[in-house]
file query_0.txt (compact mmCIF, C-alpha atoms and all ligand atoms)
# COMPACT_ATOMS: atom_id res chain seq x y z
CA MET A 209 -61.12 -122.65 -24.86
CA THR A 210 -57.99 -120.54 -25.12
CA SER A 211 -57.44 -117.47 -22.95
CA THR A 212 -56.18 -114.16 -24.33
CA PRO A 213 -52.51 -113.59 -23.48
CA PRO A 214 -51.94 -110.48 -21.34
CA THR A 215 -50.72 -107.36 -23.14
CA PRO A 216 -46.95 -107.14 -22.60
CA ASP A 217 -46.07 -104.23 -20.42
CA PRO A 218 -42.81 -102.45 -21.18
CA HIS A 219 -42.33 -101.47 -17.56
CA ASP A 220 -42.16 -105.05 -16.27
CA ALA A 221 -38.46 -105.41 -17.01
CA GLU A 222 -37.74 -102.07 -15.43
CA ASP A 223 -35.80 -103.30 -12.43
CA ALA A 224 -33.74 -106.04 -14.02
CA TRP A 225 -30.41 -104.47 -13.07
CA ASP A 226 -27.25 -106.35 -13.85
CA PRO A 227 -24.10 -104.39 -12.85
CA ARG A 228 -22.11 -105.97 -15.71
CA GLU A 229 -24.80 -104.86 -18.13
CA GLU A 230 -24.61 -101.38 -16.66
CA LEU A 231 -20.82 -101.27 -17.06
CA LEU A 232 -21.08 -102.41 -20.69
CA ALA A 233 -23.75 -99.78 -21.35
CA LEU A 234 -21.62 -97.08 -19.76
CA VAL A 235 -18.55 -98.03 -21.77
CA GLY A 236 -20.63 -98.12 -24.96
CA SER A 237 -22.21 -94.74 -24.41
CA LEU A 238 -18.87 -93.23 -23.38
CA ARG A 239 -17.29 -94.51 -26.57
CA VAL A 240 -20.08 -93.01 -28.70
CA ALA A 241 -19.82 -89.68 -26.86
CA VAL A 242 -16.03 -89.51 -27.15
CA GLU A 243 -16.09 -90.40 -30.85
CA ARG A 244 -18.76 -87.81 -31.48
CA GLN A 245 -16.80 -85.09 -29.67
CA ALA A 246 -13.56 -86.07 -31.41
CA ARG A 247 -15.13 -86.05 -34.87
CA ALA A 248 -16.61 -82.65 -34.12
CA GLY A 249 -13.19 -81.33 -33.18
CA ARG A 250 -14.52 -80.64 -29.70
CA TRP A 251 -12.36 -83.05 -27.79
CA GLY A 252 -11.98 -81.74 -24.28
CA ALA A 253 -15.32 -79.92 -24.23
CA PRO A 254 -17.47 -80.63 -21.16
CA ALA A 255 -19.70 -83.65 -21.59
CA THR A 256 -22.81 -81.76 -20.53
CA ALA A 257 -23.98 -79.25 -23.09
CA THR A 258 -25.42 -76.07 -21.63
CA LEU A 259 -29.13 -75.90 -22.20
CA ARG A 260 -29.53 -73.07 -24.59
CA PRO A 261 -32.70 -71.88 -26.18
CA VAL A 262 -32.79 -74.49 -28.87
CA ALA A 263 -35.00 -74.69 -31.89
CA VAL A 264 -36.23 -78.10 -32.96
CA ALA A 265 -33.98 -78.16 -36.03
CA ASP A 266 -30.98 -77.38 -33.83
CA ALA A 267 -31.97 -80.12 -31.42
CA ARG A 268 -32.22 -82.61 -34.25
CA ARG A 269 -28.81 -81.59 -35.59
CA GLU A 270 -27.37 -81.82 -32.09
CA LEU A 271 -28.46 -85.43 -31.92
CA SER A 272 -27.32 -86.28 -35.41
CA ASP A 273 -24.29 -88.40 -36.06
CA GLU A 274 -22.96 -85.85 -38.50
CA PRO A 275 -20.79 -83.72 -36.29
CA ALA A 276 -19.64 -81.44 -39.09
CA ARG A 277 -23.10 -79.91 -38.88
CA LEU A 278 -23.32 -79.59 -35.12
CA PRO A 279 -24.41 -76.05 -34.35
CA GLU A 280 -22.27 -73.78 -32.29
CA PRO A 281 -23.97 -72.42 -29.16
CA PRO A 282 -25.38 -68.96 -29.86
CA ASP A 283 -23.53 -66.21 -28.03
CA GLU A 284 -25.30 -64.00 -25.52
CA ALA A 285 -25.40 -61.01 -27.88
CA GLU A 286 -27.09 -63.09 -30.55
CA LEU A 287 -29.76 -64.05 -28.04
CA GLU A 288 -30.25 -60.49 -26.86
CA ASP A 289 -30.55 -59.30 -30.47
CA GLY A 290 -33.34 -61.80 -30.91
CA ALA A 291 -31.35 -63.46 -33.72
CA ARG A 292 -31.91 -66.80 -31.98
CA PRO A 293 -35.19 -66.32 -30.16
CA ARG A 294 -35.90 -68.71 -27.37
CA PRO A 295 -38.58 -71.17 -28.54
CA THR A 296 -41.93 -71.01 -26.83
CA LEU A 297 -44.04 -74.06 -26.20
CA ALA A 298 -46.41 -72.66 -28.81
CA SER A 299 -43.63 -72.48 -31.41
CA VAL A 300 -42.55 -76.03 -30.63
CA ARG A 301 -46.15 -77.20 -30.87
CA ALA A 302 -46.58 -75.37 -34.16
CA GLU A 303 -43.47 -76.99 -35.61
CA LEU A 304 -44.71 -80.41 -34.53
CA GLY A 305 -47.96 -79.70 -36.37
CA ASP A 306 -50.00 -82.68 -37.52
CA CYS A 307 -46.86 -84.79 -37.18
CA GLN A 308 -46.39 -87.52 -39.80
CA ARG A 309 -42.68 -88.08 -39.13
CA CYS A 310 -43.04 -91.71 -38.06
CA LYS A 311 -45.41 -94.64 -38.39
CA LEU A 312 -47.24 -93.85 -35.14
CA ALA A 313 -49.10 -91.08 -36.97
CA ALA A 314 -51.12 -93.77 -38.74
CA THR A 315 -52.42 -95.35 -35.52
CA ARG A 316 -52.75 -92.45 -33.08
CA THR A 317 -56.06 -90.83 -32.24
CA LYS A 318 -54.66 -87.66 -30.65
CA LEU A 319 -51.14 -86.35 -30.44
CA VAL A 320 -50.21 -85.76 -26.78
CA PHE A 321 -47.91 -82.75 -26.60
CA GLY A 322 -47.70 -82.09 -22.86
CA ALA A 323 -49.47 -80.08 -20.18
CA GLY A 324 -48.75 -77.73 -17.30
CA ALA A 325 -47.04 -74.45 -16.57
CA GLU A 326 -44.96 -72.94 -19.36
CA ASP A 327 -42.40 -71.68 -16.81
CA ALA A 328 -42.44 -74.75 -14.56
CA ALA A 329 -39.37 -75.24 -12.37
CA LEU A 330 -40.18 -78.94 -12.12
CA MET A 331 -40.89 -81.15 -15.11
CA PHE A 332 -41.84 -84.83 -15.41
CA VAL A 333 -41.10 -86.85 -18.52
CA GLY A 334 -42.75 -90.19 -19.20
CA GLU A 335 -42.45 -92.68 -21.99
CA ALA A 336 -45.40 -92.40 -24.35
CA PRO A 337 -49.17 -91.90 -24.26
CA GLY A 338 -51.31 -94.91 -23.36
CA ALA A 339 -54.89 -95.63 -24.39
CA GLU A 340 -56.52 -92.96 -22.23
CA GLU A 341 -54.00 -90.31 -23.22
CA ASP A 342 -54.41 -91.19 -26.91
CA ARG A 343 -58.16 -90.70 -26.54
CA THR A 344 -58.02 -87.41 -24.63
CA GLY A 345 -54.78 -85.76 -25.86
CA GLU A 346 -53.67 -85.20 -22.23
CA PRO A 347 -50.55 -86.79 -20.70
CA PHE A 348 -50.81 -89.19 -17.76
CA VAL A 349 -54.56 -89.38 -17.29
CA GLY A 350 -54.91 -93.16 -16.92
CA ARG A 351 -54.17 -95.20 -13.78
CA ALA A 352 -50.47 -94.38 -13.95
CA GLY A 353 -51.46 -90.73 -14.23
CA GLU A 354 -53.54 -90.93 -11.06
CA LEU A 355 -50.51 -92.23 -9.21
CA LEU A 356 -48.29 -89.56 -10.78
CA ASP A 357 -50.75 -86.89 -9.57
CA LYS A 358 -50.46 -88.28 -6.04
CA MET A 359 -46.65 -88.26 -6.25
CA ILE A 360 -46.64 -84.65 -7.47
CA GLU A 361 -49.09 -83.60 -4.76
CA ALA A 362 -47.06 -85.36 -2.07
CA MET A 363 -44.16 -83.18 -3.17
CA GLY A 364 -46.27 -80.06 -2.59
CA TRP A 365 -46.84 -79.31 -6.30
CA SER A 366 -49.78 -79.86 -8.63
CA ARG A 367 -50.37 -80.88 -12.24
CA ARG A 368 -51.04 -77.17 -12.92
CA THR A 369 -47.72 -75.88 -11.52
CA VAL A 370 -45.36 -78.51 -13.00
CA TYR A 371 -45.01 -79.54 -16.65
CA ILE A 372 -45.70 -83.11 -17.80
CA ALA A 373 -44.57 -84.49 -21.15
CA ASN A 374 -43.52 -87.73 -22.75
CA LEU A 375 -40.62 -88.89 -24.89
CA LEU A 376 -43.08 -89.96 -27.61
CA LYS A 377 -46.02 -87.75 -28.47
CA CYS A 378 -48.05 -90.59 -30.02
CA ARG A 379 -49.20 -93.91 -28.59
CA PRO A 380 -47.30 -97.00 -29.72
CA PRO A 381 -49.75 -99.83 -30.55
CA ASN A 382 -50.44 -102.06 -27.50
CA ASN A 383 -48.26 -99.73 -25.39
CA ARG A 384 -45.12 -101.39 -26.71
CA ASP A 385 -41.71 -99.84 -26.10
CA PRO A 386 -40.78 -96.84 -28.25
CA ALA A 387 -38.91 -98.00 -31.37
CA PRO A 388 -35.53 -96.33 -31.98
CA ASP A 389 -36.74 -94.46 -35.08
CA GLU A 390 -39.80 -93.16 -33.19
CA ALA A 391 -37.65 -92.00 -30.28
CA SER A 392 -35.16 -90.26 -32.53
CA GLU A 393 -37.89 -88.41 -34.46
CA CYS A 394 -39.61 -87.30 -31.27
CA ARG A 395 -36.67 -86.58 -28.96
CA PRO A 396 -35.77 -83.23 -30.58
CA PHE A 397 -39.24 -81.97 -29.70
CA LEU A 398 -38.77 -83.02 -26.08
CA VAL A 399 -35.40 -81.25 -26.01
CA ALA A 400 -37.04 -78.17 -27.52
CA GLN A 401 -39.77 -78.33 -24.84
CA LEU A 402 -37.00 -78.35 -22.24
CA GLY A 403 -35.47 -75.32 -23.94
CA ALA A 404 -38.78 -73.48 -23.88
CA ILE A 405 -39.66 -74.29 -20.28
CA ALA A 406 -36.11 -74.22 -18.85
CA PRO A 407 -37.07 -76.25 -15.75
CA ARG A 408 -34.61 -76.46 -12.86
CA ILE A 409 -35.15 -80.21 -12.38
CA VAL A 410 -36.54 -82.93 -14.64
CA VAL A 411 -37.85 -86.18 -13.20
CA ALA A 412 -37.44 -88.92 -15.81
CA LEU A 413 -40.06 -91.60 -15.28
CA GLY A 414 -38.80 -95.03 -16.27
CA ARG A 415 -36.07 -96.40 -18.45
CA PRO A 416 -36.97 -95.08 -21.93
CA ALA A 417 -37.43 -91.48 -20.73
CA ALA A 418 -34.28 -91.58 -18.59
CA ASN A 419 -32.13 -93.08 -21.33
CA ALA A 420 -33.47 -90.71 -23.98
CA LEU A 421 -32.70 -87.69 -21.80
CA LEU A 422 -29.31 -88.95 -20.68
CA GLY A 423 -28.20 -90.34 -24.05
CA MET A 424 -27.54 -93.73 -22.48
CA ASP A 425 -28.80 -97.27 -22.49
CA ALA A 426 -28.88 -98.45 -18.89
CA PRO A 427 -31.47 -100.03 -16.56
CA ILE A 428 -33.46 -97.61 -14.44
CA GLY A 429 -32.16 -99.29 -11.28
CA ALA A 430 -28.65 -98.16 -12.22
CA LEU A 431 -29.69 -94.59 -12.99
CA ARG A 432 -32.17 -93.69 -10.26
CA GLY A 433 -31.44 -92.18 -6.88
CA LYS A 434 -28.95 -89.57 -8.07
CA PHE A 435 -28.94 -86.43 -10.16
CA HIS A 436 -27.44 -86.46 -13.63
CA GLU A 437 -26.44 -83.18 -15.30
CA ARG A 438 -27.46 -83.26 -18.93
CA LEU A 439 -28.78 -80.71 -21.41
CA GLY A 440 -27.90 -78.09 -18.82
CA VAL A 441 -30.48 -79.35 -16.34
CA LYS A 442 -30.49 -81.69 -13.36
CA ILE A 443 -32.24 -84.95 -14.19
CA MET A 444 -33.50 -87.41 -11.56
CA PRO A 445 -34.45 -90.78 -13.04
CA THR A 446 -36.96 -92.78 -11.02
CA PHE A 447 -39.42 -95.62 -11.46
CA HIS A 448 -42.34 -95.16 -13.82
CA PRO A 449 -45.72 -94.95 -12.01
CA ALA A 450 -47.04 -97.87 -14.12
CA TYR A 451 -44.21 -100.01 -12.74
CA LEU A 452 -44.99 -98.82 -9.20
CA LEU A 453 -48.60 -99.91 -9.64
CA ARG A 454 -47.39 -103.45 -10.21
CA GLU A 455 -44.52 -103.31 -7.74
CA PRO A 456 -45.84 -101.21 -4.85
CA GLY A 457 -42.87 -102.32 -2.76
CA ARG A 458 -40.71 -100.00 -4.89
CA LYS A 459 -42.75 -96.90 -3.97
CA ARG A 460 -40.45 -96.33 -1.04
CA ASP A 461 -37.46 -96.04 -3.42
CA ALA A 462 -39.35 -93.70 -5.74
CA TRP A 463 -40.30 -91.53 -2.78
CA SER A 464 -36.69 -91.33 -1.67
CA ASP A 465 -35.79 -90.11 -5.21
CA LEU A 466 -38.54 -87.49 -5.05
CA LYS A 467 -37.35 -86.35 -1.62
CA LEU A 468 -33.92 -85.68 -3.17
CA VAL A 469 -35.69 -83.55 -5.78
CA MET A 470 -37.63 -81.64 -3.10
CA ALA A 471 -34.44 -81.01 -1.10
CA GLU A 472 -32.54 -79.81 -4.17
CA LEU A 473 -35.36 -77.44 -5.17
CA GLU A 474 -35.36 -75.96 -1.66
CA ARG A 475 -31.57 -75.69 -1.75
CA ILE A 476 -31.70 -73.61 -4.94
CA GLY A 477 -34.52 -71.46 -3.58
CA VAL A 478 -37.44 -72.91 -5.55
CA HIS A 479 -40.43 -73.36 -3.26
CA ALA A 480 -43.21 -75.83 -3.99
CA ARG A 481 -46.41 -74.33 -5.44
CA ALA A 482 -49.63 -76.32 -5.39
N1 LIG B 501 -49.22 -92.06 -19.75
C1 LIG B 501 -48.35 -91.16 -20.27
O1 LIG B 501 -48.73 -90.07 -20.68
N2 LIG B 501 -47.07 -91.52 -20.31
C2 LIG B 501 -46.61 -92.69 -19.87
O2 LIG B 501 -45.40 -92.92 -19.93
C3 LIG B 501 -47.55 -93.61 -19.35
C4 LIG B 501 -48.85 -93.26 -19.29
call {"tool": "encode", "arguments": {"input": "query_0.txt", "output": "structure tokens", "more": "lines below"}}
Ligand code: URA
result
Amino acid sequence: MTSTPPTPDPHDAEDAWDPREELLALVGSLRVAVERQARAGRWGAPATATLRPVAVADARRELSDEPARLPEPPDEAELEDGARPRPTLASVRAELGDCQRCKLAATRTKLVFGAGAEDAALMFVGEAPGAEEDRTGEPFVGRAGELLDKMIEAMGWSRRTVYIANLLKCRPPNNRDPAPDEASECRPFLVAQLGAIAPRIVVALGRPAANALLGMDAPIGALRGKFHERLGVKIMPTFHPAYLLREPGRKRDAWSDLKLVMAELERIGVHARA
């Protein structure tokens, strides 16, 4: 009798950190960023774009490889006039609609947009819905979600006072890694969610979320433990709760990352709200 092979889990390889691999990834992403800036005639501009109220179409253009069409940041007056209204979560959700932009539409049960406070100072971004999330339409409600709840509560917050979203809004079959085309279709909606919520700190859970937010391709072990400024917000990459369930010995490292987040929030005058 043959036994069923275990479902591959994308988080298993999470901690395979090779410094040479990291250096190669950094050089590669630096080259892409420099070429993009140079082609856009913005050589010398700061690497971190200011997070402006960004509509989904703008976000998609911003990520495009066609720099001639990169949008200019709206000026303050334009914003005050309402010419470029700040997106709301409702407007982002409406634009997402009954999304058919990638192949995951054919296999999802429910699209999982995100949940929590619209004005949250603290946001968590995971990878993609799993089976339980696909069934309920809520992010992080399976076993990994239970651990995430505990992490959030240990920080003095609650699921109600933070915002929780994923890079992908639809479940990849068998919880496989997000495919590049899926990530690039979905990422603009995550960026637009950031624009709507304007959190002070984003905790990126695991490699795919961290790399998508940072525009890099590096192991989580090389990214975690320090803040990265990107999209005008401070981003703290840390281990994904699903990885921590399998590697409980790494919880101590994740907690030290979360303590940095707590300290930074206090430093900027944002007090935890349960
Ligand atoms: N559930 C989610 O919503 N996201 C993940 O990344 C994992 C489980």
call {"tool": "closest_atom_pairs", "arguments": {"input": "query_0.txt", "of": "chain A", "to": "ligand LIG 501 (chain B)", "cutoff": "7 Å", "atoms": "all atoms listed in the file", "output": "JSON lines"}}
result
{"residue": "A:Gly334", "atom": "CA", "partner": "B:LIG501", "partner_atom": "O2", "distance": 3.9}
{"residue": "A:Glu335", "atom": "CA", "partner": "B:LIG501", "partner_atom": "O2", "distance": 3.6}
{"residue": "A:Ala336", "atom": "CA", "partner": "B:LIG501", "partner_atom": "O2", "distance": 4.5}
{"residue": "A:Pro337", "atom": "CA", "partner": "B:LIG501", "partner_atom": "O1", "distance": 4.0}
{"residue": "A:Gly338", "atom": "CA", "partner": "B:LIG501", "partner_atom": "C4", "distance": 5.0}
{"residue": "A:Glu341", "atom": "CA", "partner": "B:LIG501", "partner_atom": "O1", "distance": 5.9}
{"residue": "A:Pro347", "atom": "CA", "partner": "B:LIG501", "partner_atom": "O1", "distance": 3.8}
{"residue": "A:Phe348", "atom": "CA", "partner": "B:LIG501", "partner_atom": "O1", "distance": 3.7}
{"residue": "A:Val349", "atom": "CA", "partner": "B:LIG501", "partner_atom": "N1", "distance": 6.5}
{"residue": "A:Gly350", "atom": "CA", "partner": "B:LIG501", "partner_atom": "N1", "distance": 6.4}
{"residue": "A:Ala352", "atom": "CA", "partner": "B:LIG501", "partner_atom": "C4", "distance": 5.7}
{"residue": "A:Gly353", "atom": "CA", "partner": "B:LIG501", "partner_atom": "N1", "distance": 6.1}
{"residue": "A:Ala373", "atom": "CA", "partner": "B:LIG501", "partner_atom": "O1", "distance": 7.0}
{"residue": "A:Asn374", "atom": "CA", "partner": "B:LIG501", "partner_atom": "N2", "distance": 5.7}
{"residue": "A:Ala450", "atom": "CA", "partner": "B:LIG501", "partner_atom": "C3", "distance": 6.8}
call {"tool": "atom_distance", "arguments": {"input": "query_0.txt", "atom1": "CA of Val399 in chain A", "atom2": "CA of Ala328 in chain A"}}
result
14.9 Å
call {"tool": "atom_distance", "arguments": {"input": "query_0.txt", "atom1": "CA of Ala339 in chain A", "atom2": "CA of Ile443 in chain A"}}
result
27.0 Å
call {"tool": "closest_residue", "arguments": {"input": "query_0.txt", "among": "A:Phe435, A:Tyr371, A:Tyr451, A:Phe397", "to": "Ala323 in chain A", "atoms": "all atoms listed in the file"}}
result
A:Tyr371
call {"tool": "closest_residue", "arguments": {"input": "query_0.txt", "among": "A:Arg481, A:Arg438, A:Arg379, A:Lys358", "to": "Asn419 in chain A", "atoms": "all atoms listed in the file"}}
result
A:Arg438
call {"tool": "closest_residue", "arguments": {"input": "query_0.txt", "among": "A:Gln308, A:Ser392, A:Thr446, A:Asn382", "to": "Asp461 in chain A", "atoms": "only C-alpha atoms"}}
result
A:Thr446
call {"tool": "atom_distance", "arguments": {"input": "query_0.txt", "atom1": "CA of Glu455 in chain A", "atom2": "CA of Arg351 in chain A"}}
result
14.0 Å
call {"tool": "closest_residue", "arguments": {"input": "query_0.txt", "among": "A:Val411, A:Ala314, A:Ala298, A:Ala471", "to": "Pro380 in chain A", "atoms": "all atoms listed in the file"}}
result
A:Ala314
